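J.: My questions will all concern the structure given below.
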Amino acid sequence: MSFYIQSVEIGGPRPFYLLGPCSLECESFVWEMARSIKAIAENLDVPLIFKASYDKANRTSIHGARGVGLEEGMRTFDEIKKLYNNLPIVTDVHEKEQCAIVAEHVDMLQIPAFLCRQTDLVVAAAKTGKVVNIKKGQFLAPWEAKKL
């Protein structure tokens, strides 16, 4: 059974790609990445969902760059959609309170691997009605993933 996120078929015969910068840290770089990746995807006729995080809350160092934050991130996602003809967007969510807010600005929510067993977060993401991509935690055996 397949379904669509805008024009991108999920679960069909063709692979789709989640591509973009790790995080929204430098606005000019984000614009260049969105433009370039979209052009490449169109040229190669491959389905694309733009991926970037407004907050990388799971850095290995507390001093690592985190991104632009929730408010600025949502503004940036809205501008990317407007400028690039409603380009589908996926982003990570780290807290259940963020899910409903973020869902108004993107097409898919992603649960980072380290948070894949956080029941309240997964339930809050699902309640938005958006597609949710739950990354398999490194600590999770493949046969355990079906229980998520």
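Chains: A, B, ... in order of the structure tokens. Residues: from 1 per chain. Ligands: from 1, in order shown.
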Show me, as a VMD selection string, the residues that have an atom within 6 Å of Ile89 (chain A) when counting only C-alpha atoms, minus same-chain residues fewer than 2 positions from it.
T.: chain A and resid 49 to 51 106 to 107
J.: For CA of Asp120 (chain A) and CA of Val132 (chain A), determine how far apart the two atoms are, in Å to one decimal place.
T.: 13.6 Å
J.: Hey, what does DSSP flag as strand (DSSP E) within chain A? Can you give it to me as number ranges by chain?
T.: A: 3-5, 8-10, 17-19, 48-51, 89-92, 108-111, 131-134
J.: Any idea what's packed within 9 Å of Ser23 (chain A), counting only C-alpha atoms, ignoring anything in its chain fewer than 3 positions away? Could you give it as a compact mmCIF listing (two decimals) with C-alpha atoms, in the first residue's frame?
T.:
```txt
# COMPACT_ATOMS: atom_id res chain seq x y z
CA GLY A 20 19.13 18.48 2.76
CA CYS A 26 23.35 29.35 7.84
CA VAL A 30 20.01 26.46 3.32
CA LYS A 51 15.18 17.49 5.14
CA ALA A 52 16.67 19.94 7.64
CA SER A 53 16.46 20.37 11.40
CA TYR A 54 15.62 23.61 13.17
CA ASP A 55 17.18 22.20 16.34
CA LYS A 56 19.73 19.41 16.67
CA ALA A 65 25.73 24.14 16.98
CA ARG A 66 22.03 23.44 17.47
CA GLY A 67 20.37 25.34 14.63
CA VAL A 68 18.12 28.38 14.44
```
J.: Given the choices A:Phe16, A:Leu70, A:Val102, A:Leu140, which gets closest to Leu44 (chain A) if the distance is worked out from only C-alpha atoms?
T.: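 So, comparing all the options, the nearest one is A:Phe16.
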J.: To one decimal place, how far is CA of Lys136 (chain A) from CA of Cys99 (chain A) in Å?
T.: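 So the answer is 18.9 Å.
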J.: Would you pick out the contacts of Tyr84 (chain A) at 10 Å or less, using only C-alpha atoms, so that residues sharing its chain but fewer than 6 positions from it are not included, and give the list as a PyMOL selection string?
T.: chain A and resi 31+34-35+38-39
